[in-house]
Amino acid sequence: MTAETTPAVVIAVLVAGAVGAVIRFALSRALPVRPGRLPVGILVVNVIGSALAGALLGLAERAAIGHDVQLILVTGFCGGLTTFSTWSVETIELLGGGRWRAAVLNVLVTLVLGAATAGGMYLLLR
Amino acid sequence: MRTYLAVALGGLVGTGLRLAVDLFLPHAETGFPVSTLIVNLVGALVLGWLVGGLWARPGTPSWLRAGFGAGLLGSFTTMSAVMASLVLLSSDGAWWLAALYLTVSVVGGLALAAAGLRLGSRLAHRPMPTTVTDAGQTL
């Protein structure tokens, strides 16, 4: 965000964040957390959002998309679609329930798939 | 319907707060992303506190949980920005900074979520006030 960012762009970022949040909520309801199992809904949105952010950063680097579009889609949409707080709390709840294997898996799968897809898309598209 | 509306409204506010923190703590694309780190750590603590505390009490409406949890705190915090920073830092050759950022985010986020859950559950299990003021006349 820079001093040249117009109010219309800021509003678009907020709306994109809200749309991302609603999609995340709908998916987490469609794939509800079964006690002691991997929270698949949040895992899926976090990986998809990370991959999309990597792709958009790649496109931005070769100026295929502008700064405003990047702000709306990366900060707004991907930021709203993905979540860190729910991921942290669900991991600790798995640990607290004695499901340490599922907790470790939730951390590793999210981080490895998130970083690999974000990095891969970035390298592919830049 | 009310639940989805609450999530959308929470998402709007959460994204706005994250944008505001980004604005006050700007960082270069290849610098240490302090704003994202703060947002994620604060969000993990507060969500833990709510889940372990207020929401463990019976009678919390589901739209309120969805609006504040999935909506506001969900979109206040972000996983994609963490991954984006990792990618940008690594491709800039700042591997150590990327590793440090990831470690602090994950260890700090999990520790604060645990602390929040613990603080919250202390609140949830505090007994309701039971002061008797009528000196036993009606009880």
# chains A, B, ... in the order shown; residues from 1 in each chain; ligands from 1

call {"tool": "closest_atom_pairs", "arguments": {"of": "chain B", "to": "chain A", "cutoff": "9 Å", "atoms": "only C-alpha atoms", "output": "JSON lines"}}
result
{"residue": "B:Tyr4", "atom": "CA", "partner": "A:Val22", "partner_atom": "CA", "distance": 6.7}
{"residue": "B:Leu5", "atom": "CA", "partner": "A:Val22", "partner_atom": "CA", "distance": 8.6}
{"residue": "B:Val7", "atom": "CA", "partner": "A:Val22", "partner_atom": "CA", "distance": 6.1}
{"residue": "B:Ala8", "atom": "CA", "partner": "A:Ala18", "partner_atom": "CA", "distance": 4.8}
{"residue": "B:Leu9", "atom": "CA", "partner": "A:Ala18", "partner_atom": "CA", "distance": 6.8}
{"residue": "B:Gly10", "atom": "CA", "partner": "A:Ala18", "partner_atom": "CA", "distance": 7.4}
{"residue": "B:Gly11", "atom": "CA", "partner": "A:Ala18", "partner_atom": "CA", "distance": 4.2}
{"residue": "B:Leu12", "atom": "CA", "partner": "A:Ala18", "partner_atom": "CA", "distance": 4.8}
{"residue": "B:Val13", "atom": "CA", "partner": "A:Leu14", "partner_atom": "CA", "distance": 7.5}
{"residue": "B:Gly14", "atom": "CA", "partner": "A:Gly17", "partner_atom": "CA", "distance": 8.1}
{"residue": "B:Thr15", "atom": "CA", "partner": "A:Gly17", "partner_atom": "CA", "distance": 5.6}
{"residue": "B:Gly16", "atom": "CA", "partner": "A:Leu14", "partner_atom": "CA", "distance": 5.9}
{"residue": "B:Arg18", "atom": "CA", "partner": "A:Thr75", "partner_atom": "CA", "distance": 8.8}
{"residue": "B:Leu19", "atom": "CA", "partner": "A:Thr75", "partner_atom": "CA", "distance": 7.7}
{"residue": "B:Asp22", "atom": "CA", "partner": "A:Met1", "partner_atom": "CA", "distance": 7.8}
{"residue": "B:Leu23", "atom": "CA", "partner": "A:Met1", "partner_atom": "CA", "distance": 6.7}
{"residue": "B:Pro26", "atom": "CA", "partner": "A:Met1", "partner_atom": "CA", "distance": 8.4}
{"residue": "B:Asn40", "atom": "CA", "partner": "A:Phe84", "partner_atom": "CA", "distance": 6.0}
{"residue": "B:Leu41", "atom": "CA", "partner": "A:Ser85", "partner_atom": "CA", "distance": 7.9}
{"residue": "B:Val42", "atom": "CA", "partner": "A:Ser85", "partner_atom": "CA", "distance": 8.6}
{"residue": "B:Gly43", "atom": "CA", "partner": "A:Ser85", "partner_atom": "CA", "distance": 5.4}
{"residue": "B:Ala44", "atom": "CA", "partner": "A:Ser85", "partner_atom": "CA", "distance": 4.2}
{"residue": "B:Leu45", "atom": "CA", "partner": "A:Ser85", "partner_atom": "CA", "distance": 7.9}
{"residue": "B:Val46", "atom": "CA", "partner": "A:Ser85", "partner_atom": "CA", "distance": 8.4}
{"residue": "B:Leu47", "atom": "CA", "partner": "A:Ser85", "partner_atom": "CA", "distance": 6.4}
{"residue": "B:Gly48", "atom": "CA", "partner": "A:Val89", "partner_atom": "CA", "distance": 5.8}
{"residue": "B:Val51", "atom": "CA", "partner": "A:Val89", "partner_atom": "CA", "distance": 8.3}
{"residue": "B:Ala66", "atom": "CA", "partner": "A:Phe25", "partner_atom": "CA", "distance": 8.1}
{"residue": "B:Gly69", "atom": "CA", "partner": "A:Thr86", "partner_atom": "CA", "distance": 7.8}
{"residue": "B:Ala70", "atom": "CA", "partner": "A:Phe25", "partner_atom": "CA", "distance": 6.3}
{"residue": "B:Gly71", "atom": "CA", "partner": "A:Ala21", "partner_atom": "CA", "distance": 5.8}
{"residue": "B:Leu72", "atom": "CA", "partner": "A:Ala21", "partner_atom": "CA", "distance": 8.5}
{"residue": "B:Leu73", "atom": "CA", "partner": "A:Ser85", "partner_atom": "CA", "distance": 6.7}
{"residue": "B:Gly74", "atom": "CA", "partner": "A:Thr83", "partner_atom": "CA", "distance": 5.0}
{"residue": "B:Ser75", "atom": "CA", "partner": "A:Gly80", "partner_atom": "CA", "distance": 4.2}
{"residue": "B:Phe76", "atom": "CA", "partner": "A:Gly80", "partner_atom": "CA", "distance": 7.3}
{"residue": "B:Thr77", "atom": "CA", "partner": "A:Phe84", "partner_atom": "CA", "distance": 5.2}
{"residue": "B:Thr78", "atom": "CA", "partner": "A:Thr83", "partner_atom": "CA", "distance": 4.4}
{"residue": "B:Met79", "atom": "CA", "partner": "A:Phe84", "partner_atom": "CA", "distance": 5.2}
{"residue": "B:Ser80", "atom": "CA", "partner": "A:Ser50", "partner_atom": "CA", "distance": 4.2}
{"residue": "B:Ala81", "atom": "CA", "partner": "A:Gly79", "partner_atom": "CA", "distance": 6.7}
{"residue": "B:Val82", "atom": "CA", "partner": "A:Ser50", "partner_atom": "CA", "distance": 8.4}
{"residue": "B:Met83", "atom": "CA", "partner": "A:Ala115", "partner_atom": "CA", "distance": 5.5}
{"residue": "B:Ala84", "atom": "CA", "partner": "A:Gly54", "partner_atom": "CA", "distance": 5.9}
{"residue": "B:Leu86", "atom": "CA", "partner": "A:Ala115", "partner_atom": "CA", "distance": 7.4}
{"residue": "B:Val87", "atom": "CA", "partner": "A:Gly119", "partner_atom": "CA", "distance": 5.5}
{"residue": "B:Leu88", "atom": "CA", "partner": "A:Leu57", "partner_atom": "CA", "distance": 8.7}
{"residue": "B:Ser91", "atom": "CA", "partner": "A:Gly119", "partner_atom": "CA", "distance": 8.9}
{"residue": "B:Val106", "atom": "CA", "partner": "A:Ser88", "partner_atom": "CA", "distance": 8.1}
{"residue": "B:Gly109", "atom": "CA", "partner": "A:Ser88", "partner_atom": "CA", "distance": 6.1}
{"residue": "B:Leu110", "atom": "CA", "partner": "A:Ser88", "partner_atom": "CA", "distance": 5.2}
{"residue": "B:Ala111", "atom": "CA", "partner": "A:Ile92", "partner_atom": "CA", "distance": 8.5}
{"residue": "B:Leu112", "atom": "CA", "partner": "A:Ser88", "partner_atom": "CA", "distance": 8.6}
{"residue": "B:Ala113", "atom": "CA", "partner": "A:Val89", "partner_atom": "CA", "distance": 5.3}
{"residue": "B:Ala114", "atom": "CA", "partner": "A:Ile92", "partner_atom": "CA", "distance": 6.1}
{"residue": "B:Gly116", "atom": "CA", "partner": "A:Val89", "partner_atom": "CA", "distance": 8.8}
{"residue": "B:Leu117", "atom": "CA", "partner": "A:Val89", "partner_atom": "CA", "distance": 7.9}
